[in-house]
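Below is one structure; the comments refer to it alone.
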Protein chains: 2
Amino acid sequence: MSEFRTIWTTADRNVEVIDQRKLPHEYTVVKLTTYKEAEMAIKAMIVRGAPLIGATAAYGIYLAVREMIEKQLDGTFLDQAFSDLRASRPTAVNLFWALDKMRAAIDNSDDFLETSWRMAGEIVEEDVETCRMIGVHGLPLIEEIAKRKAGETVNILTHCNAGMLGCVEWGTITAPVYQAMKKGIKVHVWVDETRPRNQGSNLTAYELTRHNVPHTLIVDNAGGHLMQHGMVDLVIVGTDRTTRQGDVANKIGTYLKALAAQDNKIPFYVALPSTTIDWTIRDGLKEIPIEERDQDEVRYMIGKNQESGKIESVLICPETTPASNYGFDVTPARFITKLITERGVCDASEAGLTTLFPEMKTE
Amino acid sequence: MSEFRTIWTTADRNVEVIDQRKLPHEYTVVKLTTYKEAEMAIKAMIVRGAPLIGATAAYGIYLAVREMIEKQLDGTFLDQAFSDLRASRPTAVNLFWALDKMRAAIDNSDDFLETSWRMAGEIVEEDVETCRMIGVHGLPLIEEIAKRKAGETVNILTHCNAGMLGCVEWGTITAPVYQAMKKGIKVHVWVDETRPRNQGSNLTAYELTRHNVPHTLIVDNAGGHLMQHGMVDLVIVGTDRTTRQGDVANKIGTYLKALAAQDNKIPFYVALPSTTIDWTIRDGLKEIPIEERDQDEVRYMIGKNQESGKIESVLICPETTPASNYGFDVTPARFITKLITERGVCDASEAGLTTLFPEMKTE
């Protein structure tokens, strides 16, 4: 659907990614020719978003295999590559999943180079297909509102970036939006800035701009007011981790939007690839540890200085004021209207999830 | 109580205010010598906060009277000053109250200059006393929690700046906090950044720093998470306008914190001078118009560039992305545990308010 992806291969069988640290101000492509460069791209957050990290690591293994063969190194080099890439972002579940898949494929193959090339490609295409299917299943939810509004614009609010930039193509929450656009439905997206790292204003606004989706940036404080005044028809957010009972951990602030959606009887949807479901836990509030990040992400703001044209950061509080920086919050299932997965739409509950994923049923 | 105020008069009978746009990075004083300068100070947000806007407008009228006399202008000049100052901020009910008070005093006087000088001074001193009394009445609410926590730190969350910088001295929400400190109660304040204008990180953090109150800056997204995890004991916010039934219009995002407080059974208090009560309206959501401000307040962030040492702004979204910027939202009375006024504490309802203000009873 898209004229661009977040990761792609070149004719000389190298890999290229967008340097997302410079978005939306600069579009820069970084070429990855060794696994060490792939590792650096993950570590330095040139790439971000669980599916994209997995895809980058998979191609990192392909690059390691190639280097091993070219330099006639032994298997310890490849083992080192697996271990370095595994440690590149310690909490990313997709990363481990992608590396395990690469390991199994290589171990069952005689042609390491072709196998690793093919498997990395499959991991990428699998993400594209997963996101596409989330779009297919999410589309009717937007169509229904469009029908009720008799052709008037459907206003969608989202928080953070669960768009294509965290994936390969389509994205999770953006997939239904792009599908609706293709169907000729008039949509407009309210983009939460998403402090402190501004993934909304930096990334979601960027990709909506590139896809010509009408959108408006708002501060994270504004959603409640818009909902009180009928300016939001539905909310869609992504999730970093989903529990068996349908609680979701997503970017800090998601819970506040869920509260406002409920108070104003606005549907609150969570779009997710099933790889984010952690079937081993139930109570998100008790069982999901919330990462605390560097306080300077709160104390400083990063943007493009219009005078110098450079990307710079500015201090927004007294020099001595400390800050707290929890990265995520948990939205309990009771606030979620429906979960949208690649297999379909379901209630945010164990019964709902295991209807779509019967293989995960326990007695 | 404080070593500094936000507005004061000089020996040559002019008025000085702090340029709050430069806080917390620079402390600069602006001298106001004409009503047009007072109007500009309000419009440009050199001064902000309902009581301080009222006080500035009151002195603006004094300055207009002086100019009228000095230049031998007729009453239409003074009428123009009233009308310009009245239009300088749309939501500030204190502004109208202060101007009405000035009008009445002048209309009943033979000596316009002395009367307007004296009345503006009275408006200022009345604010100081009002805030002090809000502190007296709010203190027991903090004491009660301190007692229950057996001396452990009481954690207070606030949004925007309803501190002394919005008033003259003491502040509204900070008055109970400063009183608690004086009593030896251990307090800690979670300071909401308050995008887009960052009154929390710029002003509340500044005045808490100057008064040695332990505090931590958080993004506006974080409050819900903190409340879910028992890290907030009470919320206190201010209000720009309060309706007869106890709805409050306060800085955008207040409503989201009220929702989270209710969901987590945390008391949500609104501290207000009774001048913010608009007795002529009931339903805040329907009857309070919400000001829309310049979209660049959202698209840019202002802070101190650590390299240049200058206060600069940085763009945080694509060049073409538009933004929406509603200044306030309305928190319905049903979310408010108690209102704290200079006359005492009451329920957020018409019955509650008219118990404290029986003169406003209808029937």
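Within each chain, counting starts at residue 1; across the structure tokens, chains are named A, B, ... in the order shown, with ligands numbered 1 upward in that order.
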Interface rows for chain A against chain B: nearest pair, Å to one decimal, 7 Å, only C-alpha atoms, as a tab-separated table:
residue	atom	partner	partner_atom	distance
A:Pro24	CA	B:Pro318	CA	5.4
A:His25	CA	B:Pro318	CA	6.5
A:Arg195	CA	B:Val219	CA	6.3
A:Pro196	CA	B:Val219	CA	6.5
A:Ser201	CA	B:Cys317	CA	4.8
A:Asn202	CA	B:Cys317	CA	5.2
A:Ala205	CA	B:Thr321	CA	6.7
A:Tyr206	CA	B:Pro318	CA	6.0
A:Thr216	CA	B:Ala323	CA	4.9
A:Leu217	CA	B:Ala323	CA	4.3
A:Ile218	CA	B:Ser324	CA	5.6
A:Val219	CA	B:Arg195	CA	6.3
A:Asp220	CA	B:Asn221	CA	6.7
A:Asn221	CA	B:Gly253	CA	3.9
A:Ala222	CA	B:Gly253	CA	6.0
A:Gly224	CA	B:Leu256	CA	6.1
A:His225	CA	B:Asp329	CA	5.4
A:Ile252	CA	B:Asn221	CA	5.7
A:Gly253	CA	B:Asn221	CA	3.9
A:Tyr255	CA	B:Gly224	CA	6.7
A:Leu256	CA	B:Leu256	CA	5.9
A:Leu259	CA	B:Leu259	CA	6.3
A:Ala260	CA	B:Leu256	CA	6.6
A:Val298	CA	B:Val219	CA	6.6
A:Gly303	CA	B:Val314	CA	4.7
A:Lys304	CA	B:Val314	CA	4.8
A:Asn305	CA	B:Val314	CA	4.5
A:Gln306	CA	B:Val314	CA	6.4
A:Ser313	CA	B:Asn305	CA	6.3
A:Val314	CA	B:Asn305	CA	4.4
A:Leu315	CA	B:Lys304	CA	4.9
A:Ile316	CA	B:Gly303	CA	4.8
A:Cys317	CA	B:Ser201	CA	4.8
A:Pro318	CA	B:Pro24	CA	5.5
A:Thr321	CA	B:Thr216	CA	6.6
A:Pro322	CA	B:Thr216	CA	5.3
A:Ala323	CA	B:Leu217	CA	4.3
A:Ser324	CA	B:Ile218	CA	5.6
A:Asn325	CA	B:Ile218	CA	6.8
A:Asp329	CA	B:His225	CA	5.5
Write down as a VMD selection string the residues belonging to segment 21-258 of chain B that are assigned strand (DSSP E or B) by DSSP computed on the backbone. chain B and resid 29 to 32 154 to 158 187 to 192 215 to 218 234 to 237 241 to 243 248 to 251
Gly135 of chain A: which residues within 10 Å, counting only C-alpha atoms, same-chain residues fewer than 4 positions away excluded, as a list in words?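 In the requested form, the answer reads Glu129, Thr130, Cys131, Leu139, Pro140, Trp170, Gly171, Thr172, Ile173, Thr174, Ala175, Pro176, Val177, Tyr178, Gln179, Ala180, Ala271, Ile340, Thr341, Glu342 and Gly344 of chain A.
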Name the residues of segment 8-177 of chain A that come out as alpha helix (DSSP H) in a backbone DSSP run; write them as a PyMOL selection string. chain A and resi 35-43+50-70+75-86+93-107+112-148+174-177
Spatial neighbours of segment 85-88 of chain B, 7 Å, only C-alpha atoms, chain gap at least 2 places, as an MDAnalysis selection string: chainID B and resid 39 42:43 57 81:83 90 95:96
For Lys36 of chain A, the nearest of the candidates A:Asp294, A:Asp84, A:Asp283, A:Asp240, counting only C-alpha atoms: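 Smallest distance to Lys36 of chain A is found for A:Asp84.
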For Arg13 of chain B: contacts at 12 Å, only C-alpha atoms, fewer than 5 positions along chain excluded, given as a PyMOL selection string: chain B and resi 8+31-34+59+62-63+66+113-114+116-118+120-121
